[in-house]
>>> print(open('start.cif').read())   # mmCIF, C-alpha atoms
data_entry
#
loop_
_atom_site.label_atom_id
_atom_site.label_comp_id
_atom_site.auth_asym_id
_atom_site.auth_seq_id
_atom_site.Cartn_x
_atom_site.Cartn_y
_atom_site.Cartn_z
CA MET E 18 65.23 91.05 -58.98
CA ALA E 19 67.31 93.51 -61.02
CA LEU E 20 70.60 91.87 -61.82
CA ILE E 21 73.10 93.43 -64.20
CA PRO E 22 76.72 92.21 -64.29
CA ALA E 23 78.66 93.59 -61.33
CA ALA E 24 81.14 92.43 -58.73
CA GLY E 25 80.06 89.32 -56.82
CA GLY E 26 79.89 88.86 -53.08
CA GLY E 27 79.52 86.08 -50.58
CA CYS E 28 81.99 83.82 -48.84
CA GLY E 29 84.19 82.95 -51.82
CA ASP E 30 86.63 84.76 -54.06
CA SER E 31 86.19 83.34 -57.55
CA SER E 32 83.35 84.40 -59.83
CA THR E 33 81.57 83.31 -62.97
CA PRO E 34 82.23 85.31 -66.13
CA SER E 35 79.56 87.71 -67.30
CA PRO E 36 77.68 86.30 -70.28
CA SER E 37 78.17 87.65 -73.77
CA ILE E 38 74.67 87.39 -75.18
CA ARG E 39 73.02 89.12 -78.13
CA SER E 40 69.28 88.92 -78.65
CA PRO E 41 66.61 90.93 -80.51
CA ARG E 42 64.55 90.75 -77.30
CA PRO E 43 65.23 93.13 -74.38
CA THR E 44 68.15 91.80 -72.36
CA ASN E 45 69.06 92.52 -68.78
CA SER E 46 71.54 95.25 -69.66
CA ASP E 47 68.90 97.09 -71.74
CA VAL E 48 66.77 97.84 -68.68
CA GLU E 49 67.01 100.90 -66.44
CA TRP E 50 66.86 98.92 -63.20
CA ASP E 51 67.52 101.94 -61.01
CA SER E 52 64.06 103.17 -62.03
CA PHE E 53 62.47 100.16 -60.33
CA ASP E 54 60.05 101.40 -57.63
CA PRO E 55 60.22 98.97 -54.68
CA GLN E 56 57.37 100.64 -52.80
CA ALA E 57 55.00 100.26 -55.76
CA TYR E 58 56.13 96.67 -56.25
CA VAL E 59 55.51 95.76 -52.61
CA ARG E 60 52.11 97.44 -52.57
CA HIS E 61 50.94 95.46 -55.58
CA ASN E 62 52.51 92.11 -54.76
CA TYR E 63 52.86 91.75 -51.01
CA ALA E 64 50.62 94.21 -49.14
CA VAL E 65 48.24 91.26 -48.57
CA LEU E 66 49.52 87.71 -48.13
CA ARG E 67 48.10 85.77 -51.07
CA ALA E 68 47.26 82.07 -51.00
CA ASP E 69 49.90 81.28 -53.64
CA ASP E 70 52.66 83.04 -51.70
CA ARG E 71 51.48 81.28 -48.54
CA GLU E 72 51.81 77.91 -50.24
CA ILE E 73 55.23 78.75 -51.68
CA LEU E 74 56.46 79.99 -48.31
CA ARG E 75 55.08 76.97 -46.48
CA ARG E 76 56.78 74.54 -48.84
CA THR E 77 60.04 76.50 -48.66
CA ARG E 78 59.87 76.57 -44.85
CA ASP E 79 59.29 72.82 -44.62
CA PHE E 80 62.10 72.07 -47.05
CA PHE E 81 64.71 74.06 -45.16
CA ALA E 82 63.50 72.76 -41.78
CA GLU E 83 63.90 69.18 -42.98
CA THR E 84 67.53 69.78 -44.00
CA THR E 85 68.50 70.18 -40.30
CA LEU E 86 71.16 72.61 -41.52
CA SER E 87 72.42 75.23 -39.07
CA ASP E 88 75.08 77.93 -38.81
CA ALA E 89 75.06 78.21 -42.60
CA CYS E 90 76.33 80.86 -44.97
CA CYS E 91 73.13 81.67 -46.87
CA VAL E 92 72.20 83.76 -49.88
CA ASP E 93 69.07 85.16 -51.49
CA VAL E 94 69.84 86.09 -55.09
CA GLY E 95 67.90 88.87 -56.79
CA SER E 96 66.03 89.85 -53.65
CA GLY E 97 64.39 92.83 -55.31
CA ALA E 98 61.58 94.08 -53.10
CA ASN E 99 60.62 90.70 -51.68
CA LEU E 100 61.69 89.84 -48.14
CA TYR E 101 60.06 86.47 -47.57
CA PRO E 102 62.76 84.32 -49.21
CA ALA E 103 65.25 85.82 -46.75
CA LEU E 104 62.88 85.15 -43.86
CA SER E 105 62.72 81.50 -44.89
CA LEU E 106 66.48 81.20 -44.36
CA LEU E 107 66.67 82.77 -40.89
CA PRO E 108 66.70 79.64 -38.69
CA ILE E 109 69.62 78.06 -40.55
CA ALA E 110 71.67 81.22 -41.24
CA ARG E 111 74.91 82.28 -39.61
CA THR E 112 75.17 84.91 -42.35
CA LEU E 113 72.58 85.89 -44.95
CA ASP E 114 73.56 87.82 -48.08
CA LEU E 115 70.82 89.52 -50.09
CA CYS E 116 72.22 90.09 -53.59
CA GLU E 117 70.60 92.80 -55.69
CA TRP E 118 71.66 95.19 -58.46
CA SER E 119 69.00 97.93 -58.67
CA ALA E 120 70.17 100.88 -56.57
CA SER E 121 66.60 101.67 -55.52
CA ASN E 122 66.05 98.09 -54.39
CA VAL E 123 69.40 98.03 -52.57
CA ARG E 124 68.33 101.10 -50.58
CA TRP E 125 64.95 99.55 -49.80
CA LEU E 126 66.51 96.28 -48.70
CA SER E 127 68.94 98.10 -46.42
CA THR E 128 66.05 99.71 -44.53
CA GLN E 129 64.23 96.38 -44.31
CA ILE E 130 67.30 94.56 -42.99
CA ALA E 131 67.58 97.11 -40.19
CA SER E 132 63.93 96.65 -39.18
CA TYR E 133 61.43 95.26 -41.65
CA ASP E 134 57.93 96.66 -42.16
CA GLU E 135 54.91 95.21 -40.36
CA LEU E 136 53.40 93.96 -43.62
CA TRP E 137 55.97 91.14 -43.52
CA ASP E 138 54.70 89.91 -40.13
CA PRO E 139 52.05 87.60 -41.69
CA TYR E 140 54.77 86.04 -43.81
CA TRP E 141 56.85 85.32 -40.73
CA GLN E 142 53.77 83.94 -38.99
CA VAL E 143 53.52 81.32 -41.74
CA CYS E 144 57.15 80.43 -41.11
CA ALA E 145 56.62 80.31 -37.35
CA GLU E 146 53.96 77.61 -37.70
CA HIS E 147 56.96 75.25 -37.83
CA PRO E 148 58.87 74.68 -34.57
CA ALA E 149 62.23 75.26 -36.23
CA TYR E 150 61.09 78.79 -37.05
CA SER E 151 59.09 79.59 -33.93
CA ALA E 152 62.36 79.05 -32.03
CA VAL E 153 63.48 82.35 -33.59
CA THR E 154 61.68 84.62 -31.14
CA ASP E 155 62.90 87.91 -32.62
CA PRO E 156 63.02 87.59 -36.43
CA ARG E 157 63.58 91.33 -36.92
CA GLY E 158 66.56 91.30 -34.62
CA ARG E 159 67.83 88.09 -36.18
CA LEU E 160 67.67 89.51 -39.71
CA ALA E 161 69.43 92.68 -38.59
CA GLN E 162 72.12 90.52 -37.00
CA VAL E 163 72.86 88.08 -39.84
CA GLY E 164 71.70 89.95 -42.95
CA ARG E 165 73.64 92.19 -45.30
CA VAL E 166 72.79 93.64 -48.69
CA LEU E 167 75.27 93.21 -51.54
CA ARG E 168 75.01 95.09 -54.83
CA ALA E 169 75.83 92.08 -56.97
CA SER E 170 74.79 90.32 -60.15
CA VAL E 171 73.43 86.88 -60.75
CA PHE E 172 75.77 86.77 -63.74
CA ASP E 173 78.86 87.36 -61.61
CA LEU E 174 78.38 85.36 -58.42
CA PRO E 175 81.36 83.69 -56.74
CA ARG E 176 81.60 79.94 -57.22
CA ARG E 177 80.77 77.55 -54.36
CA ALA E 178 80.44 80.42 -51.87
CA TRP E 179 77.27 79.62 -49.92
CA ASP E 180 75.75 76.68 -48.02
CA ALA E 181 72.07 77.32 -48.85
CA GLY E 182 70.18 79.67 -51.10
CA THR E 183 66.99 81.01 -52.61
CA MET E 184 66.26 82.71 -55.93
CA PHE E 185 62.64 83.80 -56.32
CA PHE E 186 61.12 85.20 -59.53
CA VAL E 187 64.49 86.24 -60.94
CA ALA E 188 65.24 84.03 -63.95
CA CYS E 189 61.84 84.82 -65.44
CA SER E 190 61.88 88.56 -64.73
CA ILE E 191 65.28 90.06 -65.53
CA SER E 192 65.20 89.74 -69.31
CA ALA E 193 63.10 88.68 -72.28
CA ASP E 194 65.94 86.42 -73.42
CA GLN E 195 65.68 82.74 -72.50
CA ALA E 196 69.46 82.28 -72.70
CA GLU E 197 69.89 84.82 -69.91
CA ALA E 198 67.24 83.07 -67.82
CA GLU E 199 69.09 79.77 -68.17
CA HIS E 200 72.41 81.44 -67.41
CA ALA E 201 70.94 82.97 -64.25
CA ILE E 202 69.75 79.57 -63.01
CA GLY E 203 73.12 77.98 -63.64
CA SER E 204 75.06 80.81 -62.05
CA PHE E 205 72.92 80.64 -58.92
CA LEU E 206 73.34 76.89 -58.54
CA HIS E 207 77.10 77.06 -59.15
CA ALA E 208 77.35 79.72 -56.41
CA LEU E 209 76.32 77.07 -53.87
CA ARG E 210 78.67 74.48 -52.44
CA PRO E 211 78.09 70.82 -53.41
CA GLY E 212 75.12 69.39 -51.56
CA SER E 213 73.71 72.79 -50.59
CA PRO E 214 69.90 72.95 -50.34
CA PHE E 215 68.20 75.52 -52.52
CA VAL E 216 64.77 76.79 -53.55
CA VAL E 217 64.04 78.42 -56.91
CA ALA E 218 60.71 80.02 -57.83
CA VAL E 219 59.74 81.26 -61.29
CA MET E 220 56.65 82.47 -63.07
CA LEU E 221 55.73 80.36 -66.08
CA GLY E 222 54.52 81.96 -69.28
CA SER E 223 55.28 85.47 -68.08
CA ARG E 224 55.04 88.22 -70.71
CA GLY E 225 56.25 91.21 -68.77
CA TYR E 226 55.08 93.13 -65.72
CA HIS E 227 54.39 96.67 -64.63
CA VAL E 228 55.92 98.33 -61.59
CA GLY E 229 54.09 101.60 -61.20
CA GLU E 230 53.94 103.07 -64.70
CA ARG E 231 56.99 101.20 -66.02
CA LEU E 232 56.93 97.96 -67.97
CA PHE E 233 59.70 95.47 -67.26
CA PRO E 234 60.61 92.49 -69.47
CA ALA E 235 60.03 88.82 -68.75
CA VAL E 236 60.57 85.57 -70.56
CA ALA E 237 57.72 83.10 -71.10
CA LEU E 238 59.39 80.07 -69.55
CA GLN E 239 57.80 76.65 -69.77
CA ARG E 240 57.87 74.03 -67.03
CA ALA E 241 59.93 71.43 -68.91
CA GLU E 242 62.70 73.84 -69.88
CA VAL E 243 62.97 75.27 -66.35
CA VAL E 244 63.20 71.80 -64.83
CA ALA E 245 65.80 70.76 -67.39
CA SER E 246 67.88 73.86 -66.73
CA ILE E 247 67.86 73.29 -62.97
CA ALA E 248 68.49 69.54 -63.25
CA THR E 249 71.75 70.16 -65.11
CA SER E 250 73.31 71.49 -61.88
CA ALA E 251 71.21 69.86 -59.16
CA TYR E 252 69.96 66.59 -57.71
CA ASP E 253 67.15 65.46 -55.37
CA LEU E 254 64.96 67.82 -57.37
CA ASP E 255 61.32 68.24 -56.40
CA VAL E 256 59.01 70.47 -58.42
CA HIS E 257 55.58 71.86 -57.57
CA GLU E 258 53.39 74.09 -59.71
CA VAL E 259 51.12 76.64 -58.06
CA ARG E 260 48.08 77.78 -60.06
CA PRO E 261 46.39 80.71 -58.32
CA ARG E 262 42.60 80.97 -58.34
CA THR E 263 42.93 84.73 -58.71
CA PRO E 264 45.99 85.74 -60.75
CA LEU E 265 48.33 88.33 -59.29
CA ARG E 266 48.33 90.12 -62.65
CA ASP E 267 47.68 89.50 -66.32
CA GLY E 268 50.26 87.83 -68.50
CA TYR E 269 51.42 84.67 -66.76
CA LEU E 270 50.24 81.07 -66.37
CA SER E 271 51.41 79.80 -62.99
CA MET E 272 54.27 79.72 -60.51
CA LEU E 273 56.84 76.94 -60.30
CA LEU E 274 58.69 76.05 -57.09
CA ALA E 275 61.73 73.80 -57.26
CA THR E 276 63.70 72.45 -54.29
CA GLY E 277 66.84 70.37 -54.38
CA ARG E 278 70.58 70.26 -53.75
CA SER E 279 73.26 71.86 -55.84
CA ARG E 280 76.02 69.91 -57.52
CA GLY E 281 78.26 72.93 -56.88
#
>>> encode(input="start.cif", output="structure tokens")
Amino acid sequence: MALIPAAGGGCGDSSTPSPSIRSPRPTNSDVEWDSFDPQAYVRHNYAVLRADDREILRRTRDFFAETTLSDACCVDVGSGANLYPALSLLPIARTLDLCEWSASNVRWLSTQIASYDELWDPYWQVCAEHPAYSAVTDPRGRLAQVGRVLRASVFDLPRRAWDAGTMFFVACSISADQAEAEHAIGSFLHALRPGSPFVVAVMLGSRGYHVGERLFPAVALQRAEVVASIATSAYDLDVHEVRPRTPLRDGYLSMLLATGRSRG
């Protein structure tokens, strides 16, 4: 999820300009993202498949399956140390770019692309409950075949480069500045071609999060402002709020999942 301005990737050549933003709150460029510990993050967040992640993954799976898209150029923006958004794109992907800035996360993702850890098997099993996904009999091999990791920034993505995309827990977790969160959402949606299906997930009311001993910034987004930001560049928008019975951590209210199609 660490995304500092850098060269873009994907299937296009043009890119969005990096934002020029000044804020008294910690911004994305203030953070030492290379200190992010992906192993600690995975242990805390994904070692056990939680009910809220199961619901998010199930809804994402069903959305992409219903698009009947295939042979698509796909992207997961701000992958961080979370592999399940990429897994949700496997059945429709001809290529799958995982865009990430943190050097430590890039290294972790590269090992997972080659052959992902067994802890992700329950996440794929949720996907495989749908026939469109169970048809992928070797998800590890498929990810190794179509996936690649790009050290790239959400603020510098190429325009109209991909056919489908995901961005999970990025806009809320890369800065304490709401303007940067909104810019990240817009940049992601503009990186998709017109009509491209997408899924965005954010934490609402987040006030920061620990990875190991380090505290990373977040912005306390509200549902209405997230929906408004997405709707500016999307249509056929559907929004679902997930309120966990047992919170993942202190300092957030709920999770918001939005599906739709980009205006490009």
>>> residues_around(input="start.cif", residues="Gln56 in chain E", least_positions_apart="6", cutoff="12 Å", atoms="only C-alpha atoms", output="ChimeraX atom specification")
/E:62-64,97-99,121-122,124-126,129,134,228-229
>>> closest_residue(input="start.cif", among="E:Leu136, E:Leu174, E:Ala131, E:Val65", to="Cys116 in chain E", atoms="all atoms listed in the file")
E:Leu174
>>> closest_residue(input="start.cif", among="E:Ala181, E:Leu270, E:Ile191, E:Ile109", to="Thr44 in chain E", atoms="only C-alpha atoms")
E:Ile191
>>> resolve_selection(input="start.cif", expression="the PyMOL selection byres ((chain E and resi 66) around 12)", output="PyMOL selection string")
chain E and resi 59-65+67-74+101+136-143+265
>>> residues_around(input="start.cif", residues="Ala103 in chain E", least_positions_apart="4", cutoff="10 Å", atoms="all atoms listed in the file", output="compact mmCIF listing (two decimals) with C-alpha atoms, in the frame of the given file")
# COMPACT_ATOMS: atom_id res chain seq x y z
CA CYS E 91 73.13 81.67 -46.87
CA VAL E 92 72.20 83.76 -49.88
CA ASP E 93 69.07 85.16 -51.49
CA VAL E 94 69.84 86.09 -55.09
CA SER E 96 66.03 89.85 -53.65
CA ASN E 99 60.62 90.70 -51.68
CA LEU E 107 66.67 82.77 -40.89
CA ALA E 110 71.67 81.22 -41.24
CA LEU E 113 72.58 85.89 -44.95
CA ASP E 114 73.56 87.82 -48.08
CA LEU E 115 70.82 89.52 -50.09
CA ILE E 130 67.30 94.56 -42.99
CA LEU E 160 67.67 89.51 -39.71
CA GLY E 164 71.70 89.95 -42.95
CA GLY E 182 70.18 79.67 -51.10
CA THR E 183 66.99 81.01 -52.61
CA MET E 184 66.26 82.71 -55.93
>>> residues_around(input="start.cif", residues="Ser279 in chain E", least_positions_apart="3", cutoff="8 Å", atoms="only C-alpha atoms", output="list of chain:residue names")
E:Leu206, E:His207, E:Leu209, E:Arg210, E:Pro211, E:Gly212, E:Ser213, E:Pro214, E:Phe215, E:Ser250, E:Ala251, E:Tyr252
>>> write_last_selection(input="start.cif", atoms="C-alpha atoms", output="mmCIF file, in the coordinates of the input")
data_model
loop_
_atom_site.group_PDB
_atom_site.id
_atom_site.type_symbol
_atom_site.label_atom_id
_atom_site.label_comp_id
_atom_site.auth_asym_id
_atom_site.auth_seq_id
_atom_site.Cartn_x
_atom_site.Cartn_y
_atom_site.Cartn_z
ATOM 1 C CA LEU E 206 73.340 76.890 -58.540
ATOM 2 C CA HIS E 207 77.100 77.060 -59.150
ATOM 3 C CA LEU E 209 76.320 77.070 -53.870
ATOM 4 C CA ARG E 210 78.670 74.480 -52.440
ATOM 5 C CA PRO E 211 78.090 70.820 -53.410
ATOM 6 C CA GLY E 212 75.120 69.390 -51.560
ATOM 7 C CA SER E 213 73.710 72.790 -50.590
ATOM 8 C CA PRO E 214 69.900 72.950 -50.340
ATOM 9 C CA PHE E 215 68.200 75.520 -52.520
ATOM 10 C CA SER E 250 73.310 71.490 -61.880
ATOM 11 C CA ALA E 251 71.210 69.860 -59.160
ATOM 12 C CA TYR E 252 69.960 66.590 -57.710
#
